[in-house]
Amino acid sequence: MNPKKQAAEKAVEFIEDGMVVGLGTGSTAYWAIQKIAQRIQEGLRIRAVASSRDSEELANKLGIPIVPFSEIEWIDITIDGADEVDTHLNLIKGGGGALVREKILAINSKRFFVIVDESKQVEHLGQFPLPVEIVPFAANLTMNQLKELGCSTRIRMSNDEAYFTDNGNIIVDCNFEKIVKPIELNKQINLIPGVVDNGLFTRMVSSLVIGYNDGNIRIIDQP
C-alpha cells in the first residue's frame, strides 16, 4: 500500500469535466498528476496550471494541457500535499521549495484539497521546520528579524550552495519546534521586510484527504 498514492487518487475523483485544475508540487502531488493524466487519457477534459516548473514539466510530459495564468480568472480545484497538518487543518508547506506559488494557487481556488499520509498529522505544527521565502538582498538582516520571533534559522542548501526558488529567492528554514498560534505567526512573519511569504497555510484547506498504511482513506472537510 502507498498511502500517498491512495490519497492522491481519491482527491482526483473530485475533478470534473471543464474544470480549471491547480497542480501542486512534491512527492504526494506527483501521484495526483499521474492520476489526472490517466483520467485525461480516459476522456476527462480540463485545463491546468502548475505551482512549479517541475510540476509543469511533468504535466506536459504526461499530456496534461497547461494554460497560461492570463487565460484563467479562477481555479476550480487545486490538489497539493503538505509537510504537516494540525487538528484545525492548518498546514506547513514548502518542503519542496514552491510555497509562494502553491499559496497563490490555493488562495485562488474554489476548493483546495490537501493530500497526506497519516504521518503528516500533528497536534501542533512546528516539528517540521517552517520554510520562509526571502529576497537575497540583506538576507542576514531578514534572518535576524525572523529569529526575534523565537526560532533558529538556516538557509536551505542544495549541492553545497544556496537553494534558489523558481522566483529567484532563497528559503530560510525556521525551527520553532512548536507553533501554537499559526494564524498570528503567519501575519508576524509576513510583516518583516524582505519576506516574500512563508509556509503556514492557515484557514485555506477545503478538504483533507488522509491515506493510511492499512489502506483506509479518510476525508475531513473544513467546517
# chains A, B, ... in the order shown; residues from 1 in each chain; ligands from 1
>>> residues_around(residues="Ile36 (chain A)", least_positions_apart="2", cutoff="12 Å", atoms="only C-alpha atoms", output="count of residues only")
41
>>> residues_around(residues="Phe137 (chain A)", least_positions_apart="6", cutoff="10 Å", atoms="only C-alpha atoms", output="list of chain:residue names")
A:Asn169, A:Ile170, A:Gly194
>>> atom_distance(atom1="CA of Leu91 (chain A)", atom2="CA of Gly211 (chain A)")
16.4 Å
>>> residues_around(residues="Arg218 (chain A)", least_positions_apart="2", cutoff="9 Å", atoms="only C-alpha atoms", output="ChimeraX atom specification")
/A:7,208-212,216,220
>>> write_last_selection(atoms="N, CA, C and O atoms", output="PDB file, in the first residue's frame")
ATOM      1  N   ALA A   7      -4.367   8.479  -1.336  1.00  0.00           N
ATOM      2  CA  ALA A   7      -4.996   9.752  -1.017  1.00  0.00           C
ATOM      3  C   ALA A   7      -5.075  10.642  -2.248  1.00  0.00           C
ATOM      4  O   ALA A   7      -6.099  11.301  -2.502  1.00  0.00           O
ATOM      5  N   LEU A 208      -9.274  17.725   3.571  1.00  0.00           N
ATOM      6  CA  LEU A 208      -8.044  16.990   3.810  1.00  0.00           C
ATOM      7  C   LEU A 208      -8.308  15.517   3.522  1.00  0.00           C
ATOM      8  O   LEU A 208      -9.255  14.937   4.052  1.00  0.00           O
ATOM      9  N   VAL A 209      -7.472  14.931   2.663  1.00  0.00           N
ATOM     10  CA  VAL A 209      -7.602  13.518   2.319  1.00  0.00           C
ATOM     11  C   VAL A 209      -6.391  12.791   2.901  1.00  0.00           C
ATOM     12  O   VAL A 209      -5.255  13.070   2.523  1.00  0.00           O
ATOM     13  N   ILE A 210      -6.649  11.864   3.809  1.00  0.00           N
ATOM     14  CA  ILE A 210      -5.581  11.169   4.524  1.00  0.00           C
ATOM     15  C   ILE A 210      -5.543   9.711   4.089  1.00  0.00           C
ATOM     16  O   ILE A 210      -6.566   9.016   4.127  1.00  0.00           O
ATOM     17  N   GLY A 211      -4.365   9.264   3.664  1.00  0.00           N
ATOM     18  CA  GLY A 211      -4.170   7.859   3.347  1.00  0.00           C
ATOM     19  C   GLY A 211      -3.485   7.153   4.506  1.00  0.00           C
ATOM     20  O   GLY A 211      -2.528   7.679   5.081  1.00  0.00           O
ATOM     21  N   TYR A 212      -3.999   5.964   4.855  1.00  0.00           N
ATOM     22  CA  TYR A 212      -3.451   5.203   5.980  1.00  0.00           C
ATOM     23  C   TYR A 212      -2.729   3.956   5.482  1.00  0.00           C
ATOM     24  O   TYR A 212      -3.043   3.418   4.413  1.00  0.00           O
ATOM     25  N   ASN A 216      -6.953   2.323   4.370  1.00  0.00           N
ATOM     26  CA  ASN A 216      -8.119   3.178   4.542  1.00  0.00           C
ATOM     27  C   ASN A 216      -7.824   4.602   4.104  1.00  0.00           C
ATOM     28  O   ASN A 216      -6.675   5.053   4.104  1.00  0.00           O
ATOM     29  N   ILE A 220     -11.578  14.761   5.599  1.00  0.00           N
ATOM     30  CA  ILE A 220     -12.050  15.723   6.593  1.00  0.00           C
ATOM     31  C   ILE A 220     -12.310  17.044   5.882  1.00  0.00           C
ATOM     32  O   ILE A 220     -11.404  17.635   5.291  1.00  0.00           O
TER      33      ILE A 220
END
>>> closest_residue(among="A:Asp54, A:Glu184, A:Asp80, A:Asp160", to="Thr28 (chain A)", atoms="only C-alpha atoms")
A:Asp80
>>> select_by_dssp(residues="region 45-188 of chain A", states="helix (DSSP H, G or I)", output="MDAnalysis selection string")
chainID A and resid 53:62 69:71 99:107 118:120 139:147 182:188
>>> residues_around(residues="Val67 (chain A)", least_positions_apart="3", cutoff="10 Å", atoms="only C-alpha atoms", output="VMD selection string")
chain A and resid 20 47 to 50 56 64 70 to 72
>>> closest_residue(among="A:Ile75, A:Val195, A:Ile115, A:Leu149", to="Lys93 (chain A)", atoms="only C-alpha atoms")
A:Ile115
>>> closest_residue(among="A:Asp117, A:Asp221, A:Asp173, A:Asp166", to="Lys5 (chain A)", atoms="only C-alpha atoms")
A:Asp117
>>> closest_residue(among="A:Val116, A:Cys151, A:Pro182, A:Ile107", to="Ile217 (chain A)", atoms="only C-alpha atoms")
A:Val116
>>> residues_around(residues="region 154-157 of chain A", least_positions_apart="5", cutoff="8 Å", atoms="only C-alpha atoms", output="NGL selection string")
:A and (162-163 or 170-174)
>>> write_last_selection(atoms="N, CA and C atoms", output="JSON list (two decimals), in the first residue's frame")
[["chain", "number", "residue", "atom", "x", "y", "z"],
["A", 162, "ALA", "N", 23.43, 27.81, -1.89],
["A", 162, "ALA", "CA", 22.09, 28.23, -1.50],
["A", 162, "ALA", "C", 21.07, 27.77, -2.53],
["A", 163, "TYR", "N", 19.96, 27.24, -2.03],
["A", 163, "TYR", "CA", 18.87, 26.81, -2.91],
["A", 163, "TYR", "C", 18.07, 28.04, -3.34],
["A", 170, "ILE", "N", 15.65, 32.96, -1.96],
["A", 170, "ILE", "CA", 16.19, 31.89, -1.13],
["A", 170, "ILE", "C", 15.16, 31.50, -0.08],
["A", 171, "ILE", "N", 15.36, 30.33, 0.51],
["A", 171, "ILE", "CA", 14.46, 29.84, 1.56],
["A", 171, "ILE", "C", 15.23, 29.72, 2.86],
["A", 172, "VAL", "N", 14.64, 30.27, 3.90],
["A", 172, "VAL", "CA", 15.18, 30.10, 5.26],
["A", 172, "VAL", "C", 14.27, 29.12, 5.98],
["A", 173, "ASP", "N", 14.83, 28.03, 6.47],
["A", 173, "ASP", "CA", 14.06, 27.06, 7.25],
["A", 173, "ASP", "C", 14.16, 27.45, 8.72],
["A", 174, "CYS", "N", 12.99, 27.72, 9.32],
["A", 174, "CYS", "CA", 12.92, 28.25, 10.68],
["A", 174, "CYS", "C", 12.40, 27.18, 11.63]]
>>> residues_around(residues="His88 (chain A)", least_positions_apart="4", cutoff="9 Å", atoms="only C-alpha atoms", output="list of chain:residue names")
A:Glu123, A:Thr202, A:Arg203, A:Gln222
>>> closest_residue(among="A:Leu146, A:Val205, A:Leu191, A:Ile92", to="Gly126 (chain A)", atoms="only C-alpha atoms")
A:Ile92
